[in-house]
file final.cif (mmCIF, C-alpha atoms)
data_coords
loop_
_atom_site.label_atom_id
_atom_site.label_comp_id
_atom_site.auth_asym_id
_atom_site.auth_seq_id
_atom_site.Cartn_x
_atom_site.Cartn_y
_atom_site.Cartn_z
CA MET A 1 0.00 0.00 0.00
CA LYS A 2 1.03 3.60 -0.50
CA VAL A 3 1.75 5.56 2.66
CA VAL A 4 0.85 9.24 3.14
CA ILE A 5 3.00 10.97 5.77
CA LEU A 6 1.75 14.39 6.86
CA CYS A 7 4.89 16.51 7.08
CA GLY A 8 3.88 20.00 5.96
CA GLY A 9 3.15 21.72 9.27
CA LYS A 10 5.28 24.40 10.90
CA GLY A 11 5.83 22.54 14.16
CA LEU A 12 5.44 25.70 16.25
CA ARG A 13 5.87 23.86 19.55
CA MET A 14 9.30 22.69 18.38
CA ARG A 15 10.58 26.26 18.01
CA GLY A 16 14.25 26.47 18.85
CA LEU A 17 15.01 23.11 17.24
CA THR A 18 13.13 23.35 13.97
CA GLU A 19 13.42 26.98 12.93
CA ASP A 20 15.98 25.95 10.31
CA VAL A 21 14.46 22.59 9.34
CA PRO A 22 10.93 21.14 9.15
CA LYS A 23 9.96 19.02 12.15
CA ALA A 24 10.02 15.81 10.11
CA LEU A 25 13.78 16.31 9.63
CA ALA A 26 14.53 16.82 13.33
CA LYS A 27 17.12 14.22 14.31
CA LEU A 28 16.22 11.15 16.34
CA ASN A 29 19.26 8.99 17.09
CA GLY A 30 21.12 10.60 14.21
CA LYS A 31 18.38 10.17 11.58
CA PRO A 32 15.35 12.35 10.73
CA ILE A 33 12.06 11.41 12.40
CA ILE A 34 10.52 10.77 8.98
CA TRP A 35 13.28 8.25 8.17
CA HIS A 36 12.35 6.20 11.25
CA ILE A 37 8.68 6.29 10.24
CA MET A 38 9.51 5.10 6.73
CA LYS A 39 11.71 2.33 8.11
CA LEU A 40 8.77 1.08 10.16
CA PHE A 41 6.46 0.92 7.14
CA SER A 42 9.11 -0.62 4.91
CA GLN A 43 9.51 -3.50 7.39
CA TYR A 44 6.01 -4.48 6.28
CA ASN A 45 6.82 -3.95 2.58
CA HIS A 46 5.02 -0.62 2.29
CA THR A 47 7.68 1.34 0.42
CA HIS A 48 5.89 3.97 -1.70
CA PHE A 49 5.54 7.19 0.28
CA ILE A 50 3.46 10.26 -0.57
CA LEU A 51 4.68 13.40 1.22
CA PRO A 52 2.30 16.40 1.27
CA LEU A 53 4.80 19.22 1.77
CA GLY A 54 4.42 22.70 3.19
CA TYR A 55 6.78 24.45 5.61
CA LYS A 56 10.37 24.20 4.33
CA GLY A 57 9.28 21.42 1.98
CA ASP A 58 12.29 22.11 -0.24
CA GLN A 59 14.53 20.76 2.52
CA ILE A 60 12.59 17.49 2.62
CA LYS A 61 12.94 17.26 -1.17
CA GLU A 62 16.68 17.89 -0.90
CA TYR A 63 17.05 15.27 1.84
CA PHE A 64 15.62 12.53 -0.36
CA MET A 65 17.39 13.75 -3.50
CA ASP A 66 20.71 13.50 -1.63
CA TYR A 67 19.81 10.42 0.43
CA PRO A 68 21.64 7.77 -1.67
CA TRP A 69 25.08 9.38 -1.35
CA ARG A 70 24.60 11.18 1.97
CA ASP A 71 23.58 8.08 3.94
CA HIS A 72 25.65 5.42 2.20
CA ASN A 73 29.27 4.68 1.42
CA PHE A 74 30.22 5.24 -2.20
CA GLU A 75 33.08 5.18 -4.70
CA LEU A 76 33.50 8.33 -6.77
CA ASN A 77 35.10 8.47 -10.21
CA LEU A 78 36.50 11.99 -10.38
CA SER A 79 37.01 11.88 -14.13
CA ASP A 80 33.26 11.93 -14.84
CA ASN A 81 31.95 12.79 -11.34
CA LYS A 82 29.90 9.57 -11.16
CA TYR A 83 29.64 7.49 -8.04
CA ARG A 84 28.81 3.89 -7.21
CA LEU A 85 27.18 2.98 -3.91
CA LEU A 86 29.14 0.46 -1.86
CA ASN A 87 26.18 -0.71 0.21
CA GLU A 88 22.57 -1.34 -0.69
CA THR A 89 20.15 1.56 -0.37
CA ASP A 90 16.49 1.43 0.61
CA SER A 91 14.16 0.53 -2.25
CA TRP A 92 11.76 3.35 -1.47
CA LYS A 93 9.71 5.42 -3.87
CA VAL A 94 9.03 8.94 -2.61
CA THR A 95 6.44 11.27 -4.15
CA CYS A 96 6.82 14.86 -2.94
CA VAL A 97 3.79 17.12 -3.44
CA ASP A 98 3.66 20.81 -2.54
CA THR A 99 0.33 21.35 -0.74
CA GLY A 100 0.77 24.90 0.51
CA LEU A 101 2.43 26.63 3.43
CA ASP A 102 -0.65 27.13 5.64
CA THR A 103 -2.84 24.25 4.43
CA MET A 104 -4.47 22.16 7.16
CA THR A 105 -4.15 18.37 7.47
CA GLY A 106 -7.45 17.38 5.85
CA ALA A 107 -6.84 19.54 2.79
CA ARG A 108 -3.28 18.21 2.42
CA ILE A 109 -4.65 14.67 2.18
CA LYS A 110 -7.30 15.73 -0.32
CA LEU A 111 -4.66 17.41 -2.48
CA VAL A 112 -2.72 14.15 -2.92
CA GLU A 113 -5.82 12.13 -3.83
CA LYS A 114 -4.80 11.85 -7.48
CA TYR A 115 -1.58 10.07 -6.46
CA LEU A 116 -3.53 7.38 -4.60
CA ASP A 117 -5.17 5.10 -7.13
CA GLU A 118 -5.57 1.98 -4.97
CA ASP A 119 -8.67 1.14 -2.93
CA THR A 120 -6.79 1.33 0.37
CA PHE A 121 -3.86 3.41 1.61
CA LEU A 122 -2.02 4.10 4.84
CA LEU A 123 -1.74 7.49 6.53
CA THR A 124 0.18 8.84 9.49
CA TYR A 125 1.72 11.96 11.00
CA GLY A 126 5.34 12.94 10.45
CA ASP A 127 6.02 13.28 14.17
CA GLY A 128 4.73 10.01 15.61
CA LEU A 129 6.47 6.69 16.18
CA ALA A 130 5.26 3.35 17.48
CA ASP A 131 6.21 -0.32 17.57
CA ILE A 132 2.84 -1.06 16.00
CA ASN A 133 2.21 -4.29 14.08
CA LEU A 134 1.03 -2.85 10.76
CA GLU A 135 -0.09 -6.23 9.44
CA GLU A 136 -2.47 -6.61 12.38
CA LEU A 137 -3.67 -3.04 11.87
CA VAL A 138 -4.49 -3.65 8.20
CA ASN A 139 -6.23 -6.95 8.99
CA PHE A 140 -8.31 -5.21 11.66
CA HIS A 141 -9.32 -2.55 9.12
CA LYS A 142 -10.44 -5.18 6.63
CA GLU A 143 -12.37 -7.04 9.31
CA LYS A 144 -14.28 -3.92 10.40
CA GLY A 145 -15.00 -2.81 6.83
CA LYS A 146 -15.16 0.91 7.63
CA ALA A 147 -13.94 3.88 5.59
CA VAL A 148 -11.13 4.67 8.05
CA THR A 149 -9.34 2.95 10.91
CA LEU A 150 -7.20 4.99 13.28
CA THR A 151 -4.89 3.74 15.99
CA GLY A 152 -6.11 4.47 19.50
CA ILE A 153 -3.63 4.98 22.31
CA LYS A 154 -4.11 4.80 26.07
CA LYS A 155 -1.82 7.59 27.22
CA ASN A 156 -0.10 7.98 30.59
CA SER A 157 -0.77 11.10 32.61
CA GLN A 158 2.15 13.53 32.78
CA TYR A 159 1.60 13.86 36.51
CA GLY A 160 1.08 11.78 39.60
CA VAL A 161 -2.61 11.54 40.55
CA LEU A 162 -3.98 11.94 44.08
CA ALA A 163 -7.18 10.38 45.40
CA ILE A 164 -8.68 12.62 48.11
CA GLU A 165 -11.41 12.01 50.66
CA ASN A 166 -12.58 14.77 53.02
CA GLY A 167 -9.44 16.77 52.39
CA ILE A 168 -7.11 13.84 53.12
CA ALA A 169 -4.99 12.03 50.52
CA VAL A 170 -5.90 8.35 50.51
CA ASP A 171 -3.98 7.19 47.44
CA PHE A 172 -1.30 8.34 45.02
CA THR A 173 -0.52 6.87 41.60
CA GLU A 174 2.55 8.03 39.69
CA LYS A 175 1.66 8.87 36.06
CA PRO A 176 -1.22 6.40 35.67
CA VAL A 177 -2.68 5.30 32.35
CA LEU A 178 -5.64 7.58 31.70
CA ASP A 179 -9.06 6.11 31.03
CA ILE A 180 -9.23 7.84 27.65
CA THR A 181 -8.17 6.89 24.14
CA VAL A 182 -6.30 9.43 22.00
CA ASN A 183 -5.71 9.58 18.27
CA GLY A 184 -2.32 7.95 17.71
CA GLY A 185 -2.25 8.34 13.92
CA PHE A 186 -1.36 5.25 11.87
CA PHE A 187 -4.56 5.22 9.82
CA VAL A 188 -5.78 2.77 7.21
CA CYS A 189 -8.13 4.47 4.74
CA ASN A 190 -10.42 3.44 1.91
CA ARG A 191 -11.02 5.79 -1.01
CA LYS A 192 -14.42 6.58 0.51
CA PHE A 193 -12.45 8.70 3.00
CA PHE A 194 -11.95 11.39 0.35
CA ASP A 195 -15.71 12.08 0.39
CA TYR A 196 -15.22 13.48 3.90
CA LEU A 197 -12.41 15.85 2.88
CA THR A 198 -12.23 19.08 0.90
CA SER A 199 -9.37 20.98 -0.69
CA ASP A 200 -10.32 24.10 1.31
CA PRO A 201 -7.04 25.03 3.05
CA ASN A 202 -8.92 25.23 6.35
CA CYS A 203 -10.08 21.59 6.25
CA VAL A 204 -8.66 20.02 9.41
CA LEU A 205 -8.61 16.21 9.46
CA GLU A 206 -9.13 16.09 13.21
CA ASP A 207 -12.22 18.32 13.11
CA GLU A 208 -15.21 17.91 10.77
CA PRO A 209 -13.92 14.91 8.76
CA LEU A 210 -13.39 12.72 11.84
CA LYS A 211 -16.63 13.94 13.43
CA LYS A 212 -18.59 13.06 10.28
CA LEU A 213 -16.94 9.65 10.09
CA ILE A 214 -17.99 9.00 13.68
CA ASN A 215 -21.56 10.19 13.03
CA ASP A 216 -21.75 7.84 10.03
CA ARG A 217 -20.22 4.96 12.04
CA GLU A 218 -17.40 4.80 9.51
CA LEU A 219 -14.45 5.15 11.92
CA ALA A 220 -12.91 2.00 13.41
CA VAL A 221 -10.35 2.17 16.22
CA TYR A 222 -7.45 -0.26 16.52
CA GLU A 223 -6.14 -0.20 20.09
CA HIS A 224 -2.34 -0.26 20.36
CA ASN A 225 -0.94 -1.00 23.81
CA GLY A 226 2.76 -0.93 22.95
CA LEU A 227 5.27 1.87 22.52
CA TRP A 228 3.97 5.14 21.08
CA LEU A 229 5.79 8.46 20.89
CA SER A 230 4.35 11.81 19.84
CA ILE A 231 7.14 14.32 19.24
CA ASP A 232 5.61 17.78 19.65
CA THR A 233 8.19 19.66 21.75
CA PRO A 234 11.96 19.74 22.28
CA LYS A 235 11.39 17.85 25.54
CA ASP A 236 9.48 15.14 23.63
CA LEU A 237 12.38 14.82 21.19
CA GLU A 238 14.89 14.51 24.00
CA GLU A 239 12.82 11.80 25.66
CA ALA A 240 12.19 10.03 22.36
CA ASN A 241 15.92 9.84 21.70
CA LYS A 242 16.33 7.83 24.89
CA ILE A 243 13.29 5.59 24.48
CA TRP A 244 13.53 4.85 20.75
CA ALA A 245 17.18 3.84 20.97
CA LEU A 246 16.37 1.34 23.72
CA ASN A 247 13.39 0.02 21.74
CA GLN A 248 15.48 -0.55 18.62
CA ARG A 249 18.19 -2.38 20.56
CA GLY A 250 15.55 -4.58 22.16
CA GLN A 251 14.14 -5.80 18.83
#
call {"tool": "encode", "arguments": {"input": "final.cif", "output": "structure tokens"}}
result
Amino acid sequence: MKVVILCGGKGLRMRGLTEDVPKALAKLNGKPIIWHIMKLFSQYNHTHFILPLGYKGDQIKEYFMDYPWRDHNFELNLSDNKYRLLNETDSWKVTCVDTGLDTMTGARIKLVEKYLDEDTFLLTYGDGLADINLEELVNFHKEKGKAVTLTGIKKNSQYGVLAIENGIAVDFTEKPVLDITVNGGFFVCNRKFFDYLTSDPNCVLEDEPLKKLINDRELAVYEHNGLWLSIDTPKDLEEANKIWALNQRGQ
């Protein structure tokens, strides 16, 4: 399946780290976040990526144009300035599409519709990572038969939680798992999904489109209980660098 990775936003909460680069190119263990996302999908043989670009999209284009020689050893023939890679590169196909500087997420997806000719495609955010089993996710989507499946995450509280009775603390739980499910990205979508989107730059995926899908009972939720990282702030990136490295070594 083709994979759409939303990577056009400005990443305002990452200011200080991403003023010179788009958030998707922020480094996680020496590689851009988007590279780690693509590695995850390619492990399940999903290797054609559609990138709706916006903020500093030219840098994302340049990264993939230079990727073969920048990230691999090579032998250069100076007489004709041609090089030969000395190790195998990733067999990825990357389609870069300019979708506007201030375009919202829903409209960005709608604007790449013509590049998605299959019945089903995958979709995720350019700042989220997980150890999700994509084969199980796709099978769940097929089983439910809905227009869209998103991955639901049970998130830990950032804080310790007190239980209080009559002004006296009776229990304390350090960063408990909240009894709510959040949108963790990692969507599987049928073409019917495009009926819920518009190319209006103000079309926000997480607003009217998702609400309409829910009202029509066309949104399935696959619950993922493993590792999930949302990298929204410099602190998130710092923490992700520690956690993701340990996760990769443990595989």
call {"tool": "closest_residue", "arguments": {"input": "final.cif", "among": "A:Leu137, A:Lys146, A:Pro68, A:Trp35", "to": "A:Glu88", "atoms": "all atoms listed in the file"}}
result
A:Pro68
call {"tool": "atom_distance", "arguments": {"input": "final.cif", "atom1": "atom CA of A:Thr103", "atom2": "atom CA of A:Val4"}}
result
15.5 Å
call {"tool": "atom_distance", "arguments": {"input": "final.cif", "atom1": "atom CA of A:Lys154", "atom2": "atom CA of A:Ser230"}}
result
12.6 Å
call {"tool": "closest_atom_pairs", "arguments": {"input": "final.cif", "of": "stretch 127-227 of chain A", "to": "stretch 109-113 of chain A", "cutoff": "7 Å", "atoms": "all atoms listed in the file", "output": "Markdown table"}}
result
| residue | atom | partner | partner_atom | distance |
| --- | --- | --- | --- | --- |
| A:Phe194 | CA | A:Lys110 | CA | 6.4 |
| A:Leu197 | CA | A:Lys110 | CA | 6.0 |
| A:Thr198 | CA | A:Lys110 | CA | 6.1 |
| A:Ser199 | CA | A:Lys110 | CA | 5.7 |
call {"tool": "residues_around", "arguments": {"input": "final.cif", "residues": "A:Asp207", "least_positions_apart": "2", "cutoff": "12 Å", "atoms": "all atoms listed in the file", "output": "PDB file with C-alpha atoms, in the frame of the given file"}}
result
ATOM      1  CA  MET A 104      -4.470  22.160   7.160  1.00  0.00           C
ATOM      2  CA  THR A 105      -4.150  18.370   7.470  1.00  0.00           C
ATOM      3  CA  GLY A 106      -7.450  17.380   5.850  1.00  0.00           C
ATOM      4  CA  ALA A 107      -6.840  19.540   2.790  1.00  0.00           C
ATOM      5  CA  TYR A 196     -15.220  13.480   3.900  1.00  0.00           C
ATOM      6  CA  LEU A 197     -12.410  15.850   2.880  1.00  0.00           C
ATOM      7  CA  ASN A 202      -8.920  25.230   6.350  1.00  0.00           C
ATOM      8  CA  CYS A 203     -10.080  21.590   6.250  1.00  0.00           C
ATOM      9  CA  VAL A 204      -8.660  20.020   9.410  1.00  0.00           C
ATOM     10  CA  LEU A 205      -8.610  16.210   9.460  1.00  0.00           C
ATOM     11  CA  PRO A 209     -13.920  14.910   8.760  1.00  0.00           C
ATOM     12  CA  LEU A 210     -13.390  12.720  11.840  1.00  0.00           C
ATOM     13  CA  LYS A 211     -16.630  13.940  13.430  1.00  0.00           C
ATOM     14  CA  LYS A 212     -18.590  13.060  10.280  1.00  0.00           C
ATOM     15  CA  LEU A 213     -16.940   9.650  10.090  1.00  0.00           C
ATOM     16  CA  ILE A 214     -17.990   9.000  13.680  1.00  0.00           C
TER      17      ILE A 214
END
call {"tool": "residues_around", "arguments": {"input": "final.cif", "residues": "A:Leu134", "least_positions_apart": "3", "cutoff": "12 Å", "atoms": "all atoms listed in the file", "output": "ChimeraX atom specification"}}
result
/A:1,3,37,40-46,122-124,130-131,137-141,149-151,186-188,222,224
call {"tool": "write_last_selection", "arguments": {"input": "final.cif", "atoms": "C-alpha atoms", "output": "CSV table (one decimal), in the coordinates of the input"}}
result
chain,number,residue,atom,x,y,z
A,1,MET,CA,0.0,0.0,0.0
A,3,VAL,CA,1.8,5.6,2.7
A,37,ILE,CA,8.7,6.3,10.2
A,40,LEU,CA,8.8,1.1,10.2
A,41,PHE,CA,6.5,0.9,7.1
A,42,SER,CA,9.1,-0.6,4.9
A,43,GLN,CA,9.5,-3.5,7.4
A,44,TYR,CA,6.0,-4.5,6.3
A,45,ASN,CA,6.8,-4.0,2.6
A,46,HIS,CA,5.0,-0.6,2.3
A,122,LEU,CA,-2.0,4.1,4.8
A,123,LEU,CA,-1.7,7.5,6.5
A,124,THR,CA,0.2,8.8,9.5
A,130,ALA,CA,5.3,3.4,17.5
A,131,ASP,CA,6.2,-0.3,17.6
A,137,LEU,CA,-3.7,-3.0,11.9
A,138,VAL,CA,-4.5,-3.6,8.2
A,139,ASN,CA,-6.2,-7.0,9.0
A,140,PHE,CA,-8.3,-5.2,11.7
A,141,HIS,CA,-9.3,-2.6,9.1
A,149,THR,CA,-9.3,3.0,10.9
A,150,LEU,CA,-7.2,5.0,13.3
A,151,THR,CA,-4.9,3.7,16.0
A,186,PHE,CA,-1.4,5.2,11.9
A,187,PHE,CA,-4.6,5.2,9.8
A,188,VAL,CA,-5.8,2.8,7.2
A,222,TYR,CA,-7.4,-0.3,16.5
A,224,HIS,CA,-2.3,-0.3,20.4
call {"tool": "atom_distance", "arguments": {"input": "final.cif", "atom1": "atom CA of A:Lys93", "atom2": "atom CA of A:Leu53"}}
result
15.7 Å
call {"tool": "residues_around", "arguments": {"input": "final.cif", "residues": "A:His72", "least_positions_apart": "6", "cutoff": "10 Å", "atoms": "all atoms listed in the file", "output": "PyMOL selection string"}}
result
chain A and resi 85-89
call {"tool": "residues_around", "arguments": {"input": "final.cif", "residues": "A:Arg191", "least_positions_apart": "5", "cutoff": "9 Å", "atoms": "all atoms listed in the file", "output": "PDB file with C-alpha atoms, keeping the file's coordinate frame"}}
result
ATOM      1  CA  GLU A 113      -5.820  12.130  -3.830  1.00  0.00           C
ATOM      2  CA  LEU A 116      -3.530   7.380  -4.600  1.00  0.00           C
ATOM      3  CA  ASP A 117      -5.170   5.100  -7.130  1.00  0.00           C
ATOM      4  CA  GLU A 118      -5.570   1.980  -4.970  1.00  0.00           C
ATOM      5  CA  ASP A 119      -8.670   1.140  -2.930  1.00  0.00           C
ATOM      6  CA  THR A 120      -6.790   1.330   0.370  1.00  0.00           C
ATOM      7  CA  PHE A 121      -3.860   3.410   1.610  1.00  0.00           C
ATOM      8  CA  ALA A 147     -13.940   3.880   5.590  1.00  0.00           C
TER       9      ALA A 147
END
call {"tool": "resolve_selection", "arguments": {"input": "final.cif", "expression": "the PyMOL selection byres ((chain A and resi 94-100) around 8)", "output": "PyMOL selection string"}}
result
chain A and resi 8+48-55+57+61+64+92-93+101-103+108+111-112
call {"tool": "write_last_selection", "arguments": {"input": "final.cif", "atoms": "C-alpha atoms", "output": "compact mmCIF listing (two decimals), keeping the file's coordinate frame"}}
result
# COMPACT_ATOMS: atom_id res chain seq x y z
CA GLY A 8 3.88 20.00 5.96
CA HIS A 48 5.89 3.97 -1.70
CA PHE A 49 5.54 7.19 0.28
CA ILE A 50 3.46 10.26 -0.57
CA LEU A 51 4.68 13.40 1.22
CA PRO A 52 2.30 16.40 1.27
CA LEU A 53 4.80 19.22 1.77
CA GLY A 54 4.42 22.70 3.19
CA TYR A 55 6.78 24.45 5.61
CA GLY A 57 9.28 21.42 1.98
CA LYS A 61 12.94 17.26 -1.17
CA PHE A 64 15.62 12.53 -0.36
CA TRP A 92 11.76 3.35 -1.47
CA LYS A 93 9.71 5.42 -3.87
CA LEU A 101 2.43 26.63 3.43
CA ASP A 102 -0.65 27.13 5.64
CA THR A 103 -2.84 24.25 4.43
CA ARG A 108 -3.28 18.21 2.42
CA LEU A 111 -4.66 17.41 -2.48
CA VAL A 112 -2.72 14.15 -2.92
call {"tool": "residues_near_point", "arguments": {"input": "final.cif", "point": "(5.1, 12.3, 18.9)", "cutoff": "7 Å", "atoms": "only C-alpha atoms", "output": "list of chain:residue names"}}
result
A:Asp127, A:Gly128, A:Leu129, A:Leu229, A:Ser230, A:Ile231, A:Asp232
call {"tool": "resolve_selection", "arguments": {"input": "final.cif", "expression": "the PyMOL selection byres ((chain A and resi 243) around 12)", "output": "VMD selection string"}}
result
chain A and resid 28 to 29 129 to 131 227 to 231 236 to 242 244 to 250
call {"tool": "write_last_selection", "arguments": {"input": "final.cif", "atoms": "C-alpha atoms", "output": "short mmCIF file (atom, residue, chain, number, x, y, z; two decimals), in the frame of the given file"}}
result
data_model
loop_
_atom_site.label_atom_id
_atom_site.label_comp_id
_atom_site.auth_asym_id
_atom_site.auth_seq_id
_atom_site.Cartn_x
_atom_site.Cartn_y
_atom_site.Cartn_z
CA LEU A 28 16.22 11.15 16.34
CA ASN A 29 19.26 8.99 17.09
CA LEU A 129 6.47 6.69 16.18
CA ALA A 130 5.26 3.35 17.48
CA ASP A 131 6.21 -0.32 17.57
CA LEU A 227 5.27 1.87 22.52
CA TRP A 228 3.97 5.14 21.08
CA LEU A 229 5.79 8.46 20.89
CA SER A 230 4.35 11.81 19.84
CA ILE A 231 7.14 14.32 19.24
CA ASP A 236 9.48 15.14 23.63
CA LEU A 237 12.38 14.82 21.19
CA GLU A 238 14.89 14.51 24.00
CA GLU A 239 12.82 11.80 25.66
CA ALA A 240 12.19 10.03 22.36
CA ASN A 241 15.92 9.84 21.70
CA LYS A 242 16.33 7.83 24.89
CA TRP A 244 13.53 4.85 20.75
CA ALA A 245 17.18 3.84 20.97
CA LEU A 246 16.37 1.34 23.72
CA ASN A 247 13.39 0.02 21.74
CA GLN A 248 15.48 -0.55 18.62
CA ARG A 249 18.19 -2.38 20.56
CA GLY A 250 15.55 -4.58 22.16
#
call {"tool": "decode", "arguments": {"input": "final.cif", "residues": "stretch 62-70 of chain A", "atoms": "all heavy atoms", "output": "tab-separated table (two decimals), in the first residue's frame"}}
result
chain	number	residue	atom	x	y	z
A	62	GLU	N	15.22	17.99	-0.81
A	62	GLU	CA	16.68	17.89	-0.90
A	62	GLU	C	17.20	16.68	-0.12
A	62	GLU	O	18.13	16.00	-0.57
A	62	GLU	CB	17.32	19.17	-0.37
A	62	GLU	CG	17.12	20.38	-1.28
A	62	GLU	CD	17.55	21.67	-0.62
A	62	GLU	OE1	18.04	21.63	0.53
A	62	GLU	OE2	17.40	22.74	-1.26
A	63	TYR	N	16.59	16.41	1.04
A	63	TYR	CA	17.05	15.27	1.84
A	63	TYR	C	16.94	13.97	1.03
A	63	TYR	O	17.87	13.16	1.00
A	63	TYR	CB	16.25	15.15	3.14
A	63	TYR	CG	16.57	13.89	3.90
A	63	TYR	CD1	17.75	13.79	4.64
A	63	TYR	CD2	15.74	12.77	3.84
A	63	TYR	CE1	18.07	12.62	5.32
A	63	TYR	CE2	16.06	11.60	4.51
A	63	TYR	CZ	17.23	11.53	5.25
A	63	TYR	OH	17.56	10.37	5.90
A	64	PHE	N	15.81	13.79	0.37
A	64	PHE	CA	15.62	12.53	-0.36
A	64	PHE	C	16.37	12.52	-1.69
A	64	PHE	O	16.78	11.46	-2.16
A	64	PHE	CB	14.13	12.25	-0.55
A	64	PHE	CG	13.46	11.82	0.72
A	64	PHE	CD1	12.59	12.68	1.39
A	64	PHE	CD2	13.73	10.60	1.28
A	64	PHE	CE1	12.00	12.30	2.58
A	64	PHE	CE2	13.15	10.20	2.48
A	64	PHE	CZ	12.29	11.06	3.13
A	65	MET	N	16.57	13.68	-2.29
A	65	MET	CA	17.39	13.75	-3.50
A	65	MET	C	18.84	13.35	-3.19
A	65	MET	O	19.50	12.68	-3.98
A	65	MET	CB	17.36	15.16	-4.09
A	65	MET	CG	16.04	15.54	-4.75
A	65	MET	SD	15.72	14.63	-6.28
A	65	MET	CE	16.98	15.34	-7.35
A	66	ASP	N	19.32	13.75	-2.02
A	66	ASP	CA	20.71	13.50	-1.63
A	66	ASP	C	20.87	12.20	-0.83
A	66	ASP	O	22.00	11.80	-0.52
A	66	ASP	CB	21.25	14.66	-0.78
A	66	ASP	CG	21.33	15.96	-1.56
A	66	ASP	OD1	21.34	15.91	-2.80
A	66	ASP	OD2	21.39	17.04	-0.92
A	67	TYR	N	19.77	11.57	-0.49
A	67	TYR	CA	19.81	10.42	0.43
A	67	TYR	C	20.76	9.30	-0.02
A	67	TYR	O	21.52	8.77	0.81
A	67	TYR	CB	18.39	9.87	0.62
A	67	TYR	CG	18.31	8.66	1.50
A	67	TYR	CD1	18.58	8.74	2.87
A	67	TYR	CD2	17.96	7.41	0.97
A	67	TYR	CE1	18.49	7.62	3.68
A	67	TYR	CE2	17.88	6.29	1.78
A	67	TYR	CZ	18.15	6.40	3.13
A	67	TYR	OH	18.08	5.29	3.93
A	68	PRO	N	20.77	8.91	-1.30
A	68	PRO	CA	21.64	7.77	-1.67
A	68	PRO	C	23.10	7.99	-1.30
A	68	PRO	O	23.74	7.10	-0.72
A	68	PRO	CB	21.44	7.67	-3.19
A	68	PRO	CG	20.06	8.21	-3.40
A	68	PRO	CD	19.94	9.35	-2.43
A	69	TRP	N	23.66	9.18	-1.64
A	69	TRP	CA	25.08	9.38	-1.35
A	69	TRP	C	25.33	9.87	0.08
A	69	TRP	O	26.35	9.55	0.69
A	69	TRP	CB	25.72	10.35	-2.34
A	69	TRP	CG	25.21	11.78	-2.28
A	69	TRP	CD1	24.25	12.34	-3.05
A	69	TRP	CD2	25.66	12.81	-1.40
A	69	TRP	NE1	24.05	13.66	-2.71
A	69	TRP	CE2	24.92	13.98	-1.69
A	69	TRP	CE3	26.62	12.87	-0.38
A	69	TRP	CZ2	25.09	15.18	-1.02
A	69	TRP	CZ3	26.80	14.08	0.30
A	69	TRP	CH2	26.03	15.21	-0.02
A	70	ARG	N	24.39	10.62	0.64
A	70	ARG	CA	24.60	11.18	1.97
A	70	ARG	C	24.59	10.10	3.06
A	70	ARG	O	25.33	10.18	4.04
A	70	ARG	CB	23.52	12.23	2.27
A	70	ARG	CG	23.78	13.01	3.58
A	70	ARG	CD	22.60	13.92	3.89
A	70	ARG	NE	22.43	14.94	2.89
A	70	ARG	CZ	23.09	16.09	2.86
A	70	ARG	NH1	23.99	16.35	3.80
A	70	ARG	NH2	22.87	16.98	1.92
